[in-house]
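Trainee: To be precise about what I am sending: the file is called model22.cif and holds mmCIF, C-alpha atoms.
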data_my_file
loop_
_atom_site.label_atom_id
_atom_site.label_comp_id
_atom_site.auth_asym_id
_atom_site.auth_seq_id
_atom_site.Cartn_x
_atom_site.Cartn_y
_atom_site.Cartn_z
CA MET A 53 186.67 175.49 187.05
CA THR A 54 186.69 171.71 187.26
CA LEU A 55 188.57 169.02 185.37
CA LEU A 56 186.71 166.41 183.36
CA ASP A 57 188.44 163.06 182.85
CA ARG A 58 187.40 162.69 179.20
CA PRO A 59 187.43 165.97 177.32
CA ALA A 60 186.51 166.09 173.71
CA VAL A 61 189.39 165.48 171.32
CA ALA A 62 189.74 167.95 168.50
CA THR A 63 189.10 166.51 165.06
CA SER A 64 190.58 169.36 163.02
CA PRO A 65 194.18 168.98 161.78
CA TYR A 66 196.70 170.06 164.36
CA ARG A 67 198.97 173.00 163.61
CA TRP A 68 202.21 173.51 165.52
CA THR A 69 202.53 176.92 167.18
CA VAL A 70 205.67 178.86 168.05
CA ARG A 71 204.78 178.69 171.72
CA VAL A 72 204.55 174.89 171.74
CA VAL A 73 207.77 174.53 169.74
CA VAL A 74 209.63 176.77 172.18
CA GLN A 75 208.25 174.90 175.19
CA LEU A 76 209.25 171.52 173.71
CA ALA A 77 212.68 172.97 172.92
CA VAL A 78 213.16 174.00 176.55
CA LEU A 79 212.18 170.51 177.71
CA SER A 80 214.58 169.02 175.17
CA VAL A 81 217.49 171.19 176.35
CA ALA A 82 216.71 170.28 179.98
CA ALA A 83 216.89 166.62 179.01
CA TYR A 84 220.16 167.32 177.20
CA VAL A 85 221.79 168.96 180.22
CA TYR A 86 220.70 166.20 182.58
CA ALA A 87 221.83 163.46 180.19
CA VAL A 88 225.25 165.07 179.69
CA ALA A 89 225.73 165.33 183.45
CA GLU A 90 224.67 161.72 183.97
CA MET A 91 227.09 160.42 181.35
CA ALA A 92 230.00 162.72 182.22
CA PRO A 93 232.03 159.87 183.75
CA ILE A 94 231.84 158.06 180.39
CA GLY A 95 232.97 160.90 178.14
CA ALA A 96 235.57 162.17 180.62
CA MET A 97 236.61 158.72 181.84
CA PRO A 98 240.33 158.93 180.91
CA ALA A 99 240.71 162.44 182.39
CA ILE A 100 238.91 161.58 185.64
CA ALA A 101 240.86 158.34 186.06
CA SER A 102 244.18 160.12 185.51
CA ASP A 103 243.39 163.07 187.79
CA LEU A 104 242.05 160.96 190.68
CA HIS A 105 244.62 158.15 190.19
CA VAL A 106 242.08 155.34 189.80
CA GLY A 107 241.35 152.79 187.08
CA GLU A 108 238.88 153.43 184.26
CA ALA A 109 236.72 150.52 185.46
CA ARG A 110 236.24 152.27 188.84
CA VAL A 111 235.25 155.50 187.13
CA GLY A 112 232.72 153.50 185.11
CA MET A 113 231.15 152.38 188.39
CA LEU A 114 230.08 155.99 189.03
CA THR A 115 227.35 155.42 186.44
CA ALA A 116 226.23 152.28 188.27
CA ALA A 117 226.07 154.11 191.62
CA TYR A 118 224.10 156.97 190.04
CA ALA A 119 221.59 154.50 188.61
CA PHE A 120 221.18 152.66 191.92
CA ILE A 121 220.24 155.86 193.75
CA SER A 122 217.77 156.77 191.02
CA ILE A 123 216.18 153.32 191.25
CA VAL A 124 215.53 153.69 194.98
CA ALA A 125 214.23 157.26 194.79
CA THR A 126 212.10 157.49 191.63
CA VAL A 127 208.77 155.87 192.55
CA PRO A 128 208.57 157.37 196.09
CA LEU A 129 209.40 160.85 194.78
CA VAL A 130 206.83 160.62 191.96
CA ARG A 131 204.15 159.62 194.47
CA TRP A 132 205.23 162.33 196.93
CA THR A 133 205.12 165.09 194.30
CA ALA A 134 202.03 163.79 192.46
CA ARG A 135 199.91 166.75 193.61
CA TRP A 136 202.55 169.40 192.87
CA PRO A 137 202.42 171.55 189.72
CA LYS A 138 204.76 169.86 187.27
CA ARG A 139 206.80 172.96 186.43
CA ARG A 140 207.69 173.29 190.10
CA VAL A 141 208.87 169.68 190.16
CA LEU A 142 210.98 170.15 187.04
CA VAL A 143 212.62 173.31 188.40
CA LEU A 144 213.39 171.44 191.63
CA THR A 145 215.15 168.64 189.76
CA LEU A 146 217.22 171.10 187.74
CA THR A 147 218.21 173.01 190.88
CA CYS A 148 219.48 169.78 192.41
CA LEU A 149 221.52 169.22 189.26
CA ILE A 150 223.18 172.65 189.61
CA VAL A 151 224.21 172.00 193.21
CA ALA A 152 225.49 168.50 192.41
CA GLN A 153 227.66 169.71 189.54
CA ALA A 154 229.11 172.53 191.64
CA LEU A 155 230.09 170.05 194.37
CA SER A 156 231.62 167.69 191.80
CA VAL A 157 234.03 170.39 190.65
CA LEU A 158 235.53 170.46 194.16
CA ALA A 159 235.93 166.67 194.51
CA PRO A 160 239.41 165.73 195.84
CA GLY A 161 238.85 162.02 195.22
CA LEU A 162 236.53 159.41 193.76
CA VAL A 163 234.47 159.02 196.94
CA TRP A 164 233.68 162.77 197.07
CA LEU A 165 232.84 162.74 193.36
CA ALA A 166 230.45 159.82 193.85
CA ALA A 167 228.84 161.52 196.87
CA SER A 168 228.41 164.82 195.03
CA ARG A 169 226.43 163.05 192.31
CA VAL A 170 223.91 161.71 194.82
CA LEU A 171 221.74 164.85 194.77
CA CYS A 172 221.09 164.87 191.03
CA ALA A 173 220.84 161.06 191.00
CA VAL A 174 218.00 161.27 193.55
CA THR A 175 215.94 163.55 191.29
CA HIS A 176 217.03 162.06 187.95
CA GLY A 177 214.21 159.52 187.74
CA LEU A 178 211.68 162.11 188.92
CA MET A 179 212.76 164.44 186.11
CA TRP A 180 212.35 161.75 183.44
CA SER A 181 209.00 160.66 184.90
CA ILE A 182 207.46 164.10 184.45
CA ILE A 183 209.28 165.68 181.52
CA VAL A 184 207.74 163.43 178.86
CA PRO A 185 204.15 163.76 180.20
CA ILE A 186 204.64 167.55 180.33
CA GLY A 187 205.69 167.55 176.68
CA ALA A 188 202.92 165.18 175.66
CA ARG A 189 200.31 167.39 177.29
CA LEU A 190 201.28 170.30 175.06
CA VAL A 191 199.93 168.51 171.95
CA PRO A 192 196.90 166.40 170.99
CA ALA A 193 196.86 162.68 171.74
CA THR A 194 197.55 161.93 168.07
CA HIS A 195 200.91 163.71 168.39
CA THR A 196 202.15 162.41 171.75
CA GLY A 197 204.72 160.21 170.03
CA ARG A 198 206.11 163.25 168.23
CA ALA A 199 206.21 165.25 171.45
CA THR A 200 207.99 162.39 173.22
CA THR A 201 210.51 162.26 170.40
CA ALA A 202 211.05 166.02 170.60
CA VAL A 203 211.96 165.72 174.28
CA TYR A 204 214.26 162.78 173.58
CA VAL A 205 216.08 164.78 170.92
CA GLY A 206 217.85 166.42 173.85
CA SER A 207 218.98 163.05 175.15
CA ALA A 208 220.17 162.04 171.69
CA ALA A 209 221.94 165.38 171.29
CA ALA A 210 223.78 164.61 174.51
CA LEU A 211 225.38 161.74 172.61
CA THR A 212 225.91 163.80 169.47
CA VAL A 213 227.31 166.94 171.07
CA GLY A 214 227.49 166.49 174.82
CA ASN A 215 229.45 163.27 175.22
CA PRO A 216 232.02 164.06 172.49
CA LEU A 217 232.29 167.63 173.79
CA THR A 218 232.80 166.33 177.31
CA ASN A 219 235.51 164.02 175.99
CA SER A 220 237.26 166.80 174.05
CA MET A 221 236.93 169.47 176.76
CA SER A 222 238.21 167.11 179.44
CA GLN A 223 241.28 166.36 177.32
CA VAL A 224 242.01 170.06 176.66
CA TRP A 225 240.83 171.82 179.84
CA GLY A 226 240.53 168.99 182.33
CA TRP A 227 237.34 167.43 183.66
CA ARG A 228 236.73 169.99 186.44
CA PRO A 229 236.24 173.03 184.16
CA THR A 230 234.08 170.80 181.97
CA VAL A 231 231.78 169.97 184.87
CA ALA A 232 231.70 173.66 185.87
CA VAL A 233 230.38 174.53 182.41
CA MET A 234 227.63 171.93 182.94
CA ALA A 235 226.62 173.66 186.18
CA VAL A 236 226.32 177.01 184.40
CA ALA A 237 224.28 175.45 181.59
CA ALA A 238 221.97 173.83 184.15
CA GLY A 239 221.42 177.22 185.79
CA ALA A 240 220.50 178.83 182.49
CA ILE A 241 217.97 176.15 181.50
CA THR A 242 216.42 176.29 184.99
CA LEU A 243 215.66 179.98 184.51
CA LEU A 244 214.25 179.31 181.03
CA ALA A 245 212.05 176.49 182.29
CA ARG A 246 210.60 178.73 185.00
CA ALA A 247 209.90 181.52 182.50
CA VAL A 248 208.63 179.59 179.47
CA LEU A 249 206.86 176.43 180.62
CA PRO A 250 203.23 176.42 181.76
CA ALA A 251 202.50 175.66 185.40
CA VAL A 252 200.95 172.35 184.41
CA ALA A 253 197.94 171.46 186.55
CA VAL A 254 197.70 168.34 188.66
CA SER A 255 195.85 165.60 186.77
CA SER A 256 192.31 164.77 187.84
CA ALA A 257 193.45 161.26 188.81
CA ASP A 258 196.01 162.61 191.28
CA ALA A 259 193.80 165.49 192.40
CA ALA A 260 191.03 163.14 193.52
CA PRO A 261 190.71 162.31 197.24
CA THR A 262 192.87 159.37 198.23
CA ALA A 263 189.91 157.09 198.89
CA THR A 264 188.47 157.57 195.40
CA ARG A 265 191.68 157.42 193.34
CA ASN A 266 192.18 154.67 190.78
CA PRO A 267 194.71 151.99 191.74
CA LEU A 268 198.25 152.73 190.63
CA PRO A 269 199.23 150.89 187.44
CA TYR A 270 202.07 148.83 188.94
CA SER A 271 200.21 145.54 188.39
CA ASN A 272 199.35 146.28 184.74
CA VAL A 273 200.67 143.23 182.84
CA ARG A 274 201.37 145.14 179.63
CA LEU A 275 203.23 147.86 181.54
CA LEU A 276 205.28 145.26 183.42
CA THR A 277 206.10 143.55 180.12
CA VAL A 278 207.35 146.81 178.59
CA CYS A 279 209.40 147.53 181.72
CA ALA A 280 210.92 144.03 181.78
CA LEU A 281 211.96 144.32 178.13
CA THR A 282 213.29 147.81 178.83
CA LEU A 283 215.42 146.38 181.64
CA ILE A 284 216.93 143.78 179.31
CA GLY A 285 217.59 146.26 176.50
CA VAL A 286 219.10 148.99 178.67
CA THR A 287 221.31 146.43 180.41
CA ALA A 288 222.49 145.25 177.00
CA HIS A 289 223.28 148.79 175.88
CA PHE A 290 225.16 149.89 178.99
CA VAL A 291 227.26 146.75 179.27
CA SER A 292 229.08 148.12 176.21
CA TYR A 293 228.24 151.85 176.20
CA THR A 294 229.89 152.40 179.57
CA PHE A 295 233.15 151.49 177.79
CA ILE A 296 232.46 152.95 174.36
CA VAL A 297 235.66 155.04 174.47
CA PRO A 298 237.92 152.00 175.12
CA ILE A 299 235.95 149.99 172.54
CA ILE A 300 236.50 152.63 169.86
CA ARG A 301 240.16 152.93 170.83
CA ASP A 302 241.07 149.26 171.27
CA ILE A 303 238.62 147.34 169.06
CA VAL A 304 237.88 149.68 166.18
CA GLY A 305 241.41 151.08 166.31
CA ILE A 306 240.62 154.80 166.38
CA GLY A 307 242.04 157.17 169.00
CA GLY A 308 242.80 160.82 169.65
CA ALA A 309 240.75 163.45 167.82
CA LYS A 310 239.23 160.84 165.50
CA GLU A 311 237.78 159.13 168.54
CA SER A 312 235.73 162.22 169.37
CA TRP A 313 234.57 162.56 165.77
CA LEU A 314 233.32 158.98 165.79
CA LEU A 315 231.35 159.74 168.95
CA VAL A 316 229.85 162.71 167.12
CA ALA A 317 228.91 160.45 164.19
CA TYR A 318 227.36 158.00 166.69
CA GLY A 319 225.10 160.75 168.02
CA ILE A 320 224.25 162.28 164.64
CA ALA A 321 223.12 158.86 163.42
CA GLY A 322 220.74 158.72 166.38
CA LEU A 323 219.28 162.15 165.64
CA VAL A 324 218.73 161.28 161.99
CA THR A 325 217.02 158.02 162.89
CA LEU A 326 214.79 159.80 165.40
CA ALA A 327 213.66 162.19 162.66
CA LEU A 328 213.00 159.36 160.21
CA LEU A 329 211.02 157.24 162.67
CA VAL A 330 208.82 159.98 164.13
CA PRO A 331 205.65 158.71 162.35
CA ALA A 332 206.35 155.17 163.56
CA MET A 333 206.21 156.38 167.17
CA ASP A 334 202.46 156.91 166.76
CA GLN A 335 201.59 154.39 164.03
CA ARG A 336 203.90 151.31 163.86
CA LEU A 337 205.53 151.12 167.25
CA ARG A 338 206.05 147.35 167.48
CA ALA A 339 207.65 147.07 164.05
CA ALA A 340 209.97 149.99 164.77
CA VAL A 341 211.13 148.47 168.07
CA ALA A 342 211.72 145.04 166.55
CA GLY A 343 213.57 146.46 163.54
CA SER A 344 215.87 148.55 165.74
CA LEU A 345 216.71 145.53 167.88
CA GLY A 346 217.48 143.37 164.85
CA ILE A 347 219.94 145.98 163.56
CA LEU A 348 221.58 146.27 166.97
CA CYS A 349 222.12 142.50 167.09
CA LEU A 350 223.91 142.58 163.73
CA ALA A 351 226.10 145.54 164.77
CA PHE A 352 227.26 143.88 167.97
CA TRP A 353 227.95 140.52 166.40
CA MET A 354 230.16 142.35 163.92
CA LEU A 355 232.04 144.19 166.69
CA SER A 356 232.40 140.92 168.62
CA ALA A 357 233.93 139.27 165.57
CA MET A 358 236.35 142.18 165.13
CA SER A 359 237.47 141.96 168.77
CA THR A 360 238.10 138.23 168.34
CA PHE A 361 239.92 138.17 165.01
CA GLY A 362 241.42 141.66 164.95
CA ALA A 363 240.83 144.45 162.45
CA ASP A 364 242.75 145.35 159.33
CA PRO A 365 242.05 148.70 157.56
CA ALA A 366 238.94 147.23 155.94
CA GLY A 367 237.84 145.92 159.30
CA THR A 368 238.25 149.36 160.83
CA VAL A 369 235.83 150.73 158.25
CA LEU A 370 233.33 148.02 159.19
CA GLY A 371 233.89 148.82 162.86
CA VAL A 372 233.17 152.49 162.27
CA GLY A 373 229.98 151.50 160.46
CA ALA A 374 228.94 149.24 163.34
CA ILE A 375 229.46 152.06 165.87
CA ILE A 376 227.34 154.42 163.76
CA VAL A 377 224.60 151.80 163.34
CA TRP A 378 224.70 151.25 167.10
CA GLY A 379 224.08 154.95 167.65
CA ALA A 380 221.32 155.08 165.04
CA SER A 381 219.33 152.22 166.53
CA ALA A 382 219.96 152.75 170.24
CA ALA A 383 218.78 156.38 170.18
CA VAL A 384 215.24 155.53 169.07
CA LEU A 385 214.54 152.82 171.63
CA PRO A 386 214.00 155.01 174.77
CA PRO A 387 211.24 157.25 173.30
CA MET A 388 209.53 154.24 171.72
CA LEU A 389 209.64 152.25 174.96
CA GLN A 390 208.41 155.16 177.08
CA SER A 391 205.60 155.83 174.59
CA ALA A 392 204.60 152.17 174.88
CA ALA A 393 204.66 152.40 178.69
CA ILE A 394 202.43 155.48 178.70
CA ARG A 395 199.96 153.84 176.30
CA THR A 396 199.46 150.95 178.72
CA SER A 397 198.23 153.35 181.46
CA PRO A 398 197.29 156.60 179.74
CA ASP A 399 195.30 158.03 182.65
CA GLN A 400 198.27 157.63 185.00
CA ALA A 401 201.10 158.49 182.66
CA GLU A 402 203.45 159.86 185.33
CA HIS A 403 203.18 156.71 187.43
CA ALA A 404 203.66 154.52 184.35
CA SER A 405 206.67 156.65 183.42
CA ALA A 406 208.03 156.27 186.95
CA LEU A 407 207.97 152.49 186.67
CA TYR A 408 209.52 152.69 183.20
CA VAL A 409 212.26 155.05 184.42
CA THR A 410 212.97 152.74 187.37
CA ALA A 411 213.37 149.80 184.99
CA PHE A 412 215.60 151.96 182.80
CA GLN A 413 217.80 152.88 185.75
CA VAL A 414 218.00 149.26 186.90
CA GLY A 415 219.21 148.51 183.39
CA ILE A 416 221.87 151.22 183.62
CA LEU A 417 222.98 149.90 187.00
CA SER A 418 223.11 146.25 185.98
CA GLY A 419 224.63 147.05 182.59
CA SER A 420 227.38 149.35 183.82
CA ALA A 421 228.18 147.11 186.81
CA ALA A 422 228.21 143.91 184.75
CA GLY A 423 230.13 145.66 182.00
CA GLY A 424 232.74 146.83 184.50
CA LEU A 425 233.23 143.35 185.91
CA VAL A 426 233.36 141.68 182.49
CA TYR A 427 235.68 144.35 181.07
CA GLU A 428 238.08 144.17 184.03
CA HIS A 429 238.25 140.36 184.32
CA ILE A 430 237.63 139.07 180.77
CA GLY A 431 237.95 141.92 178.32
CA ALA A 432 236.17 143.88 175.62
CA THR A 433 235.34 140.83 173.51
CA ALA A 434 233.14 139.39 176.26
CA VAL A 435 231.54 142.82 176.83
CA LEU A 436 230.42 143.04 173.19
CA ALA A 437 229.23 139.42 173.07
CA THR A 438 227.16 139.93 176.24
CA THR A 439 225.46 142.94 174.69
CA ALA A 440 224.67 141.01 171.50
CA VAL A 441 223.08 138.13 173.43
CA LEU A 442 220.94 140.43 175.58
CA PHE A 443 219.66 142.42 172.60
CA ALA A 444 218.73 139.13 170.92
CA ALA A 445 216.81 138.11 174.05
CA MET A 446 214.91 141.42 174.03
CA LEU A 447 214.04 140.95 170.36
CA VAL A 448 212.58 137.52 171.14
CA GLY A 449 210.52 139.09 173.94
CA VAL A 450 209.15 141.86 171.71
CA ARG A 451 208.13 139.31 169.08
CA ALA A 452 206.50 137.06 171.69
CA ARG A 453 204.65 139.83 173.60
CA GLY A 454 203.90 142.29 170.85
CA ASP A 455 200.49 143.05 172.40
CA ALA A 456 202.28 145.35 174.85
CA PHE A 457 203.30 147.55 171.90
CA GLY A 458 200.09 147.36 169.87
CA LEU A 459 197.94 149.81 171.82
CA ALA A 460 196.82 152.90 169.90
CA PRO A 461 197.45 156.42 171.24
CA THR A 462 194.61 157.69 173.43
CA ALA A 463 193.62 161.02 174.93
CA PRO A 464 193.92 160.58 178.71
CA ALA A 465 193.26 163.33 181.19
CA ILE A 466 196.91 163.68 182.11
CA LEU A 467 198.07 164.02 178.53
CA GLN A 468 195.37 166.10 176.97
CA THR A 469 193.85 169.45 177.71
CA PRO A 470 191.28 169.40 180.50
CA GLN A 471 187.95 170.73 179.27
CA ALA A 472 187.14 173.84 181.24
CA VAL A 473 183.67 173.97 182.75
CA SER A 474 182.77 177.55 183.56
CA THR A 475 181.52 178.30 187.06
CA SER A 476 181.83 182.04 186.68
CA THR A 477 180.46 184.56 184.26
CA THR A 478 183.94 185.98 183.88
CA SER A 479 185.44 182.76 182.55
CA ARG A 480 185.72 182.31 178.83
CA PRO A 481 184.00 179.16 177.55
CA ALA A 482 185.98 176.69 175.49
CA THR A 483 185.35 177.07 171.78
CA PRO A 484 184.99 174.24 169.25
CA SER A 485 188.14 175.31 167.45
CA ARG A 486 190.35 175.00 170.52
CA THR A 487 192.66 171.99 170.36
CA THR A 488 194.08 169.81 173.07
CA ALA A 489 197.47 171.36 172.45
CA GLU A 490 196.56 174.58 174.30
CA PRO A 491 196.08 173.65 177.95
CA LEU A 492 196.65 177.10 179.41
CA ALA A 493 194.09 178.87 177.24
CA SER A 494 191.23 176.64 178.35
CA SER A 495 192.19 175.82 181.92
CA ARG A 496 194.12 178.78 183.28
CA SER A 497 192.09 178.99 186.47
CA SER A 498 192.48 175.26 187.17
CA VAL A 499 196.26 175.47 187.18
CA MET A 500 198.10 175.44 190.48
CA ASN A 501 200.80 178.05 190.12
CA ALA A 502 204.36 177.02 190.83
#
Take the structure I supplied and represent it as structure tokens, if you would.
Mentor:
Amino acid sequence: MTLLDRPAVATSPYRWTVRVVVQLAVLSVAAYVYAVAEMAPIGAMPAIASDLHVGEARVGMLTAAYAFISIVATVPLVRWTARWPKRRVLVLTLTCLIVAQALSVLAPGLVWLAASRVLCAVTHGLMWSIIVPIGARLVPATHTGRATTAVYVGSAAALTVGNPLTNSMSQVWGWRPTVAVMAVAAGAITLLARAVLPAVAVSSADAAPTATRNPLPYSNVRLLTVCALTLIGVTAHFVSYTFIVPIIRDIVGIGGAKESWLLVAYGIAGLVTLALLVPAMDQRLRAAVAGSLGILCLAFWMLSAMSTFGADPAGTVLGVGAIIVWGASAAVLPPMLQSAAIRTSPDQAEHASALYVTAFQVGILSGSAAGGLVYEHIGATAVLATTAVLFAAMLVGVRARGDAFGLAPTAPAILQTPQAVSTSTTSRPATPSRTTAEPLASSRSSVMNA
């Protein structure tokens, strides 16, 4: 069997199968577990700070350190594992997560806790660089936006269920048993991923001899534009999100059990918005990005005003609404931005994703670090105002460079099913009715087993 770079794209309407739905669900749960682990210091911030006898701002810096390690490791790891079967790479990243969570449970102090998170931080960017292309390859090119959204549902669910659950469990049980539960969950999803996911073949671009490979897409102007705007937007988000628990408590005026319920509402709003904007992921990407940013600007200006002038009961209601709107709009930006990045370099989607993920992690690092400094030295009002200004700057950039978001979905070799060319009388030829959503059926012998 050989891989052709431009297989024929099916023209018949695509029908979702149980197998594809289950595979996307496994990818989504893997994203959920990794996202919950990454954000554990945010949801469990008060419990960790109390147990380790450090300030909340120092606990918030754990997120910044995690992001820094991911920034350094992502692109080299993606290049190093480019010729590995993608299921093997995913299982490796999840195994690292298990070990890291187990070590975190034993941490006697903040330094040990930070060191124990290094292992999963190293493979975090690698996981996000491959998990979306794996999901996108399961469906036709016309549905890659939907597949991307399906994977990101896990990340959004981490905000809906994971972060509030982390907050609640850490208050009731303590943060160590909470992290232990994460380790068990990571072990379970690792076994599922190994059993359910296809051993996705190496793309023809990466399988080619080094001398004949296409140049990597790191000088693609559209890709760099998307990544630069991603950096601004993620920085804006994490300046405030790192301290969402203190913001809800001190600015909106809600604490205790109601605090956790508002975090749940924040996440549910994101899930609902993801479902509503699924068609826009494939059809009206630029308008969806710009609209989400405009709403975020309004929400943060409202929260900034509340932090300046105080909140009466009516103001608390407005604050709750602003938090929910924040969750609704922020949840849809990552899948839209990663879809835009992949569209700029469809034949090298993993490398484009690696650059996008690196920009995303730089944004987490700069946002959480800047947020920590601003929160500690100036206060929550300045944190919210900084976020509002940065989101406004990103909106201006999207409007000015909309060409980076205007590319139509394509059917690259890495995202679609490779057409199988029979070299043996025992191989089944591809039939006209076979769609690009069934890679294993048409290219089983070209797959490198994990």
Trainee: Using 9 Å as the limit and counting only C-alpha atoms, can you tabulate each residue of segment 92-130 of chain A that touches segment 289-303 of chain A, with its shortest atom-to-atom distance in Å and the two atoms involved, as a Markdown table?
Mentor:
| residue | atom | partner | partner_atom | distance |
| --- | --- | --- | --- | --- |
| A:Pro93 | CA | A:Thr294 | CA | 8.8 |
| A:Ile94 | CA | A:Thr294 | CA | 6.0 |
| A:Gly95 | CA | A:Val297 | CA | 7.4 |
| A:Met97 | CA | A:Val297 | CA | 8.3 |
| A:Pro98 | CA | A:Val297 | CA | 8.9 |
| A:Glu108 | CA | A:Phe295 | CA | 8.9 |
| A:Ala109 | CA | A:Phe295 | CA | 8.5 |
| A:Gly112 | CA | A:Thr294 | CA | 6.3 |
| A:Met113 | CA | A:Thr294 | CA | 8.9 |
| A:Thr115 | CA | A:Thr294 | CA | 7.9 |
Trainee: Given all atoms listed in the file as the basis, pick out the residue of A:Leu104, A:Met388, A:Ile123, A:Leu165 nearest to Val278 of chain A.
Mentor: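 Checking each candidate against Val278 of chain A, we get A:Met388 as the closest.
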Trainee: Quick one: residues within 7 Å of segment 240-248 of chain A, only C-alpha atoms, excluding same-chain residues fewer than 6 positions away - as a short mmCIF file (atom, residue, chain, number, x, y, z; two decimals) with C-alpha atoms, in the frame of the given file?
Mentor:
data_model
loop_
_atom_site.label_atom_id
_atom_site.label_comp_id
_atom_site.auth_asym_id
_atom_site.auth_seq_id
_atom_site.Cartn_x
_atom_site.Cartn_y
_atom_site.Cartn_z
CA GLN A 75 208.25 174.90 175.19
CA VAL A 78 213.16 174.00 176.55
CA ALA A 82 216.71 170.28 179.98
CA VAL A 143 212.62 173.31 188.40
CA LEU A 146 217.22 171.10 187.74
CA THR A 147 218.21 173.01 190.88
#
Trainee: Name the residues in contact with Ala117 of chain A at a cut-off of 10 Å, using all atoms listed in the file, excluding same-chain residues fewer than 5 positions from it; report them as a list in words.
Mentor: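 Counting all atoms listed in the file, the residues come to Gly112, Ser122, Ile123, Ala166, Ala167, Arg169, Val170, Ala173, Ile416, Leu417, Ser420 and Ala421 of chain A.
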Trainee: May I have the residues within 10 Å of Gly161 of chain A as a PyMOL selection string, using only C-alpha atoms and disregarding those fewer than 3 positions away in the same chain?
Mentor: chain A and resi 100+103-106+156+158+164-166
Trainee: When the PyMOL selection byres ((chain A and resi 209) around 10) is applied to the file above, which residues end up in the set, as a tab-separated table (two decimals) with C-alpha atoms, keeping the file's coordinate frame?
Mentor:
chain	number	residue	atom	x	y	z
A	80	SER	CA	214.58	169.02	175.17
A	81	VAL	CA	217.49	171.19	176.35
A	83	ALA	CA	216.89	166.62	179.01
A	84	TYR	CA	220.16	167.32	177.20
A	85	VAL	CA	221.79	168.96	180.22
A	87	ALA	CA	221.83	163.46	180.19
A	88	VAL	CA	225.25	165.07	179.69
A	204	TYR	CA	214.26	162.78	173.58
A	205	VAL	CA	216.08	164.78	170.92
A	206	GLY	CA	217.85	166.42	173.85
A	207	SER	CA	218.98	163.05	175.15
A	208	ALA	CA	220.17	162.04	171.69
A	210	ALA	CA	223.78	164.61	174.51
A	211	LEU	CA	225.38	161.74	172.61
A	212	THR	CA	225.91	163.80	169.47
A	213	VAL	CA	227.31	166.94	171.07
A	214	GLY	CA	227.49	166.49	174.82
A	215	ASN	CA	229.45	163.27	175.22
A	316	VAL	CA	229.85	162.71	167.12
A	319	GLY	CA	225.10	160.75	168.02
A	320	ILE	CA	224.25	162.28	164.64
A	322	GLY	CA	220.74	158.72	166.38
A	323	LEU	CA	219.28	162.15	165.64
A	383	ALA	CA	218.78	156.38	170.18
Trainee: When you look at Val174 of chain A with a cut-off of 12 Å (counting only C-alpha atoms), what residues show up, excluding the ones that are within fewer than 4 positions of it in the same chain? I need them as a PyMOL selection string.
Mentor: chain A and resi 90+117-130+144-146+148-149+152+167-170+178-180+410+413
Trainee: Could you tell me which of A:Leu217, A:Val236, A:Leu76, A:Val273 comes closest to Gly187 of chain A if we count only C-alpha atoms?
Mentor: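 Of A:Leu217, A:Val236, A:Leu76, A:Val273, the one nearest Gly187 of chain A, counting only C-alpha atoms, is A:Leu76.
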Trainee: Kindly give the distance, in Å, that separates atom CA of Gly449 of chain A and atom CA of Ala422 of chain A, rounded to a single decimal.
Mentor: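 Computed distance, atom CA of Gly449 of chain A to atom CA of Ala422 of chain A, equals 21.3 Å.
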Trainee: What is the atom CA of Met446 of chain A to atom CA of Gly285 of chain A distance in Å?
Mentor: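 So the two atoms, atom CA of Met446 of chain A and atom CA of Gly285 of chain A, lie 6.1 Å apart.
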Trainee: For the file shown, what are the residues hit by the PyMOL selection byres ((chain A and resi 429-433) around 9), laid out as a list in words?
Mentor: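 Taken over the shown coordinates, the PyMOL selection byres ((chain A and resi 429-433) around 9) returns Ser292, Phe295, Pro298, Ile299, Asp302, Ile303, Leu355, Ser356, Ala357, Met358, Ser359, Thr360, Gly423, Gly424, Leu425, Val426, Tyr427, Glu428, Ala434, Val435, Leu436, Ala437 and Thr438 of chain A.
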Trainee: For the selection just defined, write its residues with C-alpha atoms to a file, as a JSON list (two decimals), keeping the file's coordinate frame.
Mentor:
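New file selection22.json:
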[["chain", "number", "residue", "atom", "x", "y", "z"],
["A", 292, "SER", "CA", 229.08, 148.12, 176.21],
["A", 295, "PHE", "CA", 233.15, 151.49, 177.79],
["A", 298, "PRO", "CA", 237.92, 152.00, 175.12],
["A", 299, "ILE", "CA", 235.95, 149.99, 172.54],
["A", 302, "ASP", "CA", 241.07, 149.26, 171.27],
["A", 303, "ILE", "CA", 238.62, 147.34, 169.06],
["A", 355, "LEU", "CA", 232.04, 144.19, 166.69],
["A", 356, "SER", "CA", 232.40, 140.92, 168.62],
["A", 357, "ALA", "CA", 233.93, 139.27, 165.57],
["A", 358, "MET", "CA", 236.35, 142.18, 165.13],
["A", 359, "SER", "CA", 237.47, 141.96, 168.77],
["A", 360, "THR", "CA", 238.10, 138.23, 168.34],
["A", 423, "GLY", "CA", 230.13, 145.66, 182.00],
["A", 424, "GLY", "CA", 232.74, 146.83, 184.50],
["A", 425, "LEU", "CA", 233.23, 143.35, 185.91],
["A", 426, "VAL", "CA", 233.36, 141.68, 182.49],
["A", 427, "TYR", "CA", 235.68, 144.35, 181.07],
["A", 428, "GLU", "CA", 238.08, 144.17, 184.03],
["A", 434, "ALA", "CA", 233.14, 139.39, 176.26],
["A", 435, "VAL", "CA", 231.54, 142.82, 176.83],
["A", 436, "LEU", "CA", 230.42, 143.04, 173.19],
["A", 437, "ALA", "CA", 229.23, 139.42, 173.07],
["A", 438, "THR", "CA", 227.16, 139.93, 176.24]]
